[in-house]
$ cat start.cif   # mmCIF, C-alpha atoms
data_query
#
loop_
_atom_site.label_atom_id
_atom_site.label_comp_id
_atom_site.auth_asym_id
_atom_site.auth_seq_id
_atom_site.Cartn_x
_atom_site.Cartn_y
_atom_site.Cartn_z
CA MET A 1 -56.07 63.19 8.55
CA LEU A 2 -52.80 65.11 8.65
CA ASP A 3 -51.64 63.15 11.71
CA ASP A 4 -52.37 59.88 9.86
CA ILE A 5 -50.17 61.00 6.96
CA LYS A 6 -47.37 62.01 9.35
CA GLU A 7 -47.50 58.66 11.15
CA ARG A 8 -47.56 56.67 7.89
CA ILE A 9 -44.51 58.49 6.55
CA LYS A 10 -42.71 58.33 9.90
CA ALA A 11 -43.25 54.55 9.98
CA ASN A 12 -41.45 54.31 6.63
CA ILE A 13 -38.22 56.20 7.40
CA ASN A 14 -35.25 54.70 5.48
CA ARG A 15 -37.61 53.11 2.96
CA ARG A 16 -37.45 53.84 -0.78
CA VAL A 17 -40.25 55.99 -2.14
CA ARG A 18 -41.42 57.47 -5.41
CA ILE A 19 -42.75 61.01 -5.11
CA VAL A 20 -44.89 62.52 -7.86
CA VAL A 21 -45.16 66.30 -7.54
CA SER A 22 -47.89 68.05 -9.52
CA GLY A 23 -46.73 71.35 -10.92
CA MET A 24 -48.29 74.05 -13.02
CA ARG A 25 -49.86 73.29 -16.40
CA ASN A 26 -50.06 69.56 -15.74
CA HIS A 27 -46.29 69.29 -15.32
CA LYS A 28 -45.32 66.39 -13.04
CA GLU A 29 -41.94 65.79 -11.47
CA ILE A 30 -41.03 62.26 -10.38
CA ILE A 31 -38.47 61.82 -7.63
CA GLU A 32 -37.20 58.49 -6.32
CA GLY A 33 -35.24 58.28 -3.12
CA GLU A 34 -35.49 57.36 0.51
CA VAL A 35 -37.23 59.09 3.39
CA ILE A 36 -34.47 60.24 5.74
CA SER A 37 -36.35 62.30 8.33
CA CYS A 38 -39.73 63.53 9.48
CA LEU A 39 -39.96 67.03 10.91
CA PRO A 40 -43.09 68.70 12.38
CA ASN A 41 -44.28 70.21 9.08
CA VAL A 42 -42.26 68.46 6.37
CA PHE A 43 -40.55 65.18 5.57
CA VAL A 44 -37.19 64.93 3.82
CA VAL A 45 -36.31 62.60 0.93
CA ASN A 46 -32.74 62.01 -0.23
CA SER A 47 -32.61 61.56 -4.00
CA ARG A 48 -29.29 61.19 -5.81
CA GLY A 49 -27.42 62.91 -3.00
CA LEU A 50 -29.81 65.86 -2.80
CA ASN A 51 -32.25 66.38 0.05
CA ARG A 52 -35.75 67.48 -0.94
CA SER A 53 -38.44 68.42 1.56
CA PHE A 54 -42.17 67.96 1.10
CA SER A 55 -45.10 69.21 3.14
CA TYR A 56 -47.59 66.82 4.74
CA ALA A 57 -50.31 69.29 3.74
CA ASP A 58 -49.36 68.87 0.06
CA VAL A 59 -49.76 65.11 0.47
CA LEU A 60 -53.17 65.70 2.05
CA ILE A 61 -54.47 67.85 -0.82
CA GLY A 62 -52.94 65.58 -3.49
CA ASP A 63 -50.24 67.86 -4.91
CA VAL A 64 -47.65 65.34 -3.72
CA VAL A 65 -48.27 61.60 -4.09
CA VAL A 66 -46.06 59.16 -2.14
CA THR A 67 -45.67 55.56 -3.28
CA TYR A 68 -43.59 53.13 -1.24
CA LEU A 69 -41.30 50.86 -3.27
#

$ encode --input "start.cif" --output "structure tokens"
Amino acid sequence: MLDDIKERIKANINRRVRIVVSGMRNHKEIIEGEVISCLPNVFVVNSRGLNRSFSYADVLIGDVVVTYL
């Protein structure tokens, strides 16, 4: 499962994405940007000039939801 997520994200490098991050007490943060790199444990999204990294494991458990635009 984790390898499938890695491959799907890696296949979409340089593509725009919307990331929804679930926080505490039902707080959600929405980030739009573009996937700029895939590392062994995280992928990096550039949003408004800032690089943010997200774990593949968080995508797997549903704390981070990736939508391709």

$ residues_around --input "start.cif" --residues "Ser47 in chain A" --least-positions-apart "2" --cutoff "9 Å" --atoms "all atoms listed in the file" --output "PyMOL selection string"
chain A and resi 31-34+45+49-52

$ residues_around --input "start.cif" --residues "Val44 in chain A" --least-positions-apart "3" --cutoff "8 Å" --atoms "all atoms listed in the file" --output "ChimeraX atom specification"
/A:35-39,51-54

$ closest_residue --input "start.cif" --among "A:Tyr68, A:Asn46, A:Asp58, A:Gly23" --to "Ala11 in chain A" --atoms "all atoms listed in the file"
A:Tyr68

$ resolve_selection --input "start.cif" --expression "the PyMOL selection byres ((chain A and resi 6) around 12)" --output "JSON, numbers by chain"
{"A": [1, 2, 3, 4, 5, 7, 8, 9, 10, 11, 12, 13, 37, 38, 39, 40, 41, 42, 43, 44, 54, 55, 56, 57, 58, 59, 60, 66]}

$ closest_residue --input "start.cif" --among "A:Gly62, A:His27, A:Thr67, A:Arg48" --to "Arg15 in chain A" --atoms "only C-alpha atoms"
A:Thr67

$ resolve_selection --input "start.cif" --expression "the PyMOL selection byres ((chain A and resi 30) around 10)" --output "mmCIF file with C-alpha atoms, keeping the file's coordinate frame"
data_model
loop_
_atom_site.group_PDB
_atom_site.id
_atom_site.type_symbol
_atom_site.label_atom_id
_atom_site.label_comp_id
_atom_site.auth_asym_id
_atom_site.auth_seq_id
_atom_site.Cartn_x
_atom_site.Cartn_y
_atom_site.Cartn_z
ATOM 1 C CA ARG A 18 -41.420 57.470 -5.410
ATOM 2 C CA ILE A 19 -42.750 61.010 -5.110
ATOM 3 C CA VAL A 20 -44.890 62.520 -7.860
ATOM 4 C CA VAL A 21 -45.160 66.300 -7.540
ATOM 5 C CA SER A 22 -47.890 68.050 -9.520
ATOM 6 C CA LYS A 28 -45.320 66.390 -13.040
ATOM 7 C CA GLU A 29 -41.940 65.790 -11.470
ATOM 8 C CA ILE A 31 -38.470 61.820 -7.630
ATOM 9 C CA GLU A 32 -37.200 58.490 -6.320
ATOM 10 C CA VAL A 64 -47.650 65.340 -3.720
ATOM 11 C CA VAL A 65 -48.270 61.600 -4.090
#

$ axis_aligned_box --input "start.cif" --around "range 40-58 of chain A" --padding-each-side "3 Å" --output "JSON"
{"center_x": -38.9, "center_y": 65.7, "center_z": 3.3, "size_x": 28.9, "size_y": 15.0, "size_z": 24.2}
